[in-house]
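Here the structure comes first, spelled out in structure tokens, and everything after it is commentary.
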Amino acid sequence: MATDTYTRILDSAQALIVTRGYNAFSYADIAAEVGVGKATIHHHFPGKADLVVAVLGRYRQQLADGLAAMSAHEPRADKRLHGYVGYWEQCIRSNDAPFCIAALLAAELPSLPPEVASAVKAHFDELNGWIARFIEDGVRAGELQSSENPEKSAQMLIASVHGAMLAARVAGGDVALFSSITAPAIQRLTG
């Protein structure tokens, strides 16, 4: 069972990954923010890689829960894709989670410890699987169209969404820019 301190450490690490990346934060930064000693962090997470793998594990679970809920409540695949893109649009607009932490970590992949790199890859494999199933369901139901196989179409959409996040971030959180990039990617699938 996660303690409040454990959760606050994960929250702090996730925020630091979004603002600084993997290589630019330390346990001292987390200790100062959470108000605990570094030994407390080491008690929960012996090394930084352990901490970041746990952050990614929680992040992946939240993603899976959100996509599963979307699947359960929205039968139309085209609306699921709009929901996925709309989620990120809202995150950029509200600035509460304006960038996917797995995408940020992917940019640092060559310098990440192997266990963190593996967790990043697992995140994208899982995300691609979900989006590919949405696309496959939509093509089968006549709600979507694609000349590519579902996995390739999913990769292209995910790349567009993450590229749009990056462009919006560079432009100071420009939601309109994000939308102008993702709209054609969705349009390609919805016709």
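Just so we're on the same page: first chain in the structure tokens is A, next is B, and so on; residues restart at 1 for each chain, and ligands are numbered from 1 in the order they show up.
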Find the residues around Ile135 (chain A) up to 10 Å (only C-alpha atoms counted), leave out those fewer than 5 positions away in its own chain, and share them as a compact mmCIF listing (two decimals) with C-alpha atoms, in the first residue's frame.
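Below is the file that was written, part_13.txt:
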# COMPACT_ATOMS: atom_id res chain seq x y z
CA ALA A 77 -13.54 4.39 -32.38
CA ASP A 78 -13.45 7.79 -34.08
CA ARG A 80 -12.06 7.49 -28.88
CA LEU A 81 -9.31 8.97 -31.07
CA GLY A 129 -1.42 -1.27 -28.90
CA TRP A 130 -4.39 0.66 -27.53
CA ARG A 140 -13.97 -2.72 -39.12
CA ALA A 141 -17.07 -0.70 -38.08
CA GLU A 143 -16.02 4.69 -38.59
CA LEU A 144 -12.38 5.11 -39.63
CA GLN A 145 -10.36 4.62 -42.78
CA SER A 146 -6.71 3.79 -43.21
CA ASN A 149 -2.15 -1.39 -41.07
CA PRO A 150 -3.52 -0.38 -37.64
CA GLU A 151 -0.10 -0.46 -35.94
CA SER A 153 -1.57 4.20 -38.39
CA ALA A 154 -1.31 4.26 -34.60
CA LEU A 189 -8.30 8.53 -40.25
CA THR A 190 -11.85 9.89 -40.03
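Summary of the local environment: counting only C-alpha atoms, residues at most 12 Å from Ser118 (chain A), other than itself and those fewer than 5 positions away along its chain, are Ala49, Val52, Val53, Leu56, Gly57, Ala102, Leu105, Ala106, Leu109, Pro110, Leu112, Pro113, His123, Phe124 and Asp125 of chain A.
For the residues A:Gln155, A:Gln14, A:Ser94, A:Ser111, ranking by smallest atom-to-atom distance to Arg133 (chain A) using only C-alpha atoms places A:Gln155 first.
Among the candidates A:Trp88, A:Ala39, A:Ala69, A:Ile101, the one nearest to Ala13 (chain A) when counting only C-alpha atoms is A:Ile101.
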*Leaving out Ser180 (chain A) and any residue of its chain fewer than 3 positions from it, which residues lie within 12 Å of it when counting only C-alpha atoms, given as a VMD selection string?*
chain A and resid 85 89 160 to 161 163 to 165 167 to 168 174 to 177 183 to 187
Residues near Leu127 (chain A), cut-off 12 Å, only C-alpha atoms, skip fewer than 4 positions along chain, as a compact mmCIF listing (two decimals) with C-alpha atoms, in the first residue's frame:
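The new file around-v8.txt reads:
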# COMPACT_ATOMS: atom_id res chain seq x y z
CA TYR A 59 1.87 6.71 -15.46
CA ARG A 60 1.32 3.63 -17.65
CA GLN A 61 -1.37 2.36 -15.27
CA GLN A 62 -3.15 5.73 -15.39
CA LEU A 63 -2.97 5.63 -19.19
CA ALA A 64 -4.33 2.07 -19.33
CA ASP A 65 -7.13 2.94 -16.89
CA GLY A 66 -8.07 6.04 -18.90
CA LEU A 67 -8.04 4.26 -22.25
CA ALA A 68 -9.98 1.29 -20.83
CA TYR A 84 -7.24 10.80 -26.82
CA CYS A 100 3.84 13.15 -21.87
CA ALA A 102 7.41 9.05 -21.55
CA ALA A 103 7.97 11.28 -24.59
CA VAL A 120 9.82 3.97 -21.79
CA LYS A 121 9.66 1.46 -24.64
CA ALA A 122 6.99 -0.54 -22.80
CA HIS A 123 4.91 2.64 -22.42
CA ILE A 131 -4.52 3.16 -30.39
CA ALA A 132 -4.04 0.38 -32.97
CA ARG A 133 -7.01 -1.50 -31.47
CA PHE A 134 -9.11 1.68 -31.62
CA GLU A 151 -0.10 -0.46 -35.94
CA ALA A 154 -1.31 4.26 -34.60
CA GLN A 155 2.40 5.09 -34.74
CA LEU A 157 -1.05 9.39 -34.96
CA ILE A 158 1.02 9.08 -31.78
CA ALA A 159 3.99 10.74 -33.50
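Closest approach to Ile92 (chain A) among A:Ile181, A:Ala15, A:Leu166, A:Ala117: A:Leu166, based on only C-alpha atoms.
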_If you run DSSP on the backbone here, which positions in region 38-148 of chain A get alpha helix (DSSP H)? Please write them as a ChimeraX atom specification._
/A:38-44,48-73,77-94,101-107,114-141
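Among the candidate residues A:Asp11, A:Thr5, A:Gly191, A:Arg169, the one lying nearest to Leu104 (chain A) is A:Arg169, with distances computed using only C-alpha atoms.
Pairwise distance (CA of Asp29 (chain A), CA of Ile17 (chain A)) equals 11.4 Å.
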*Atomic separation - CA of Asn128 (chain A) relative to CA of Gly21 (chain A), Å*: 22.8 Å
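Taking CA of Arg8 (chain A) and CA of Met70 (chain A) as the two end points, the separation is 27.3 Å.
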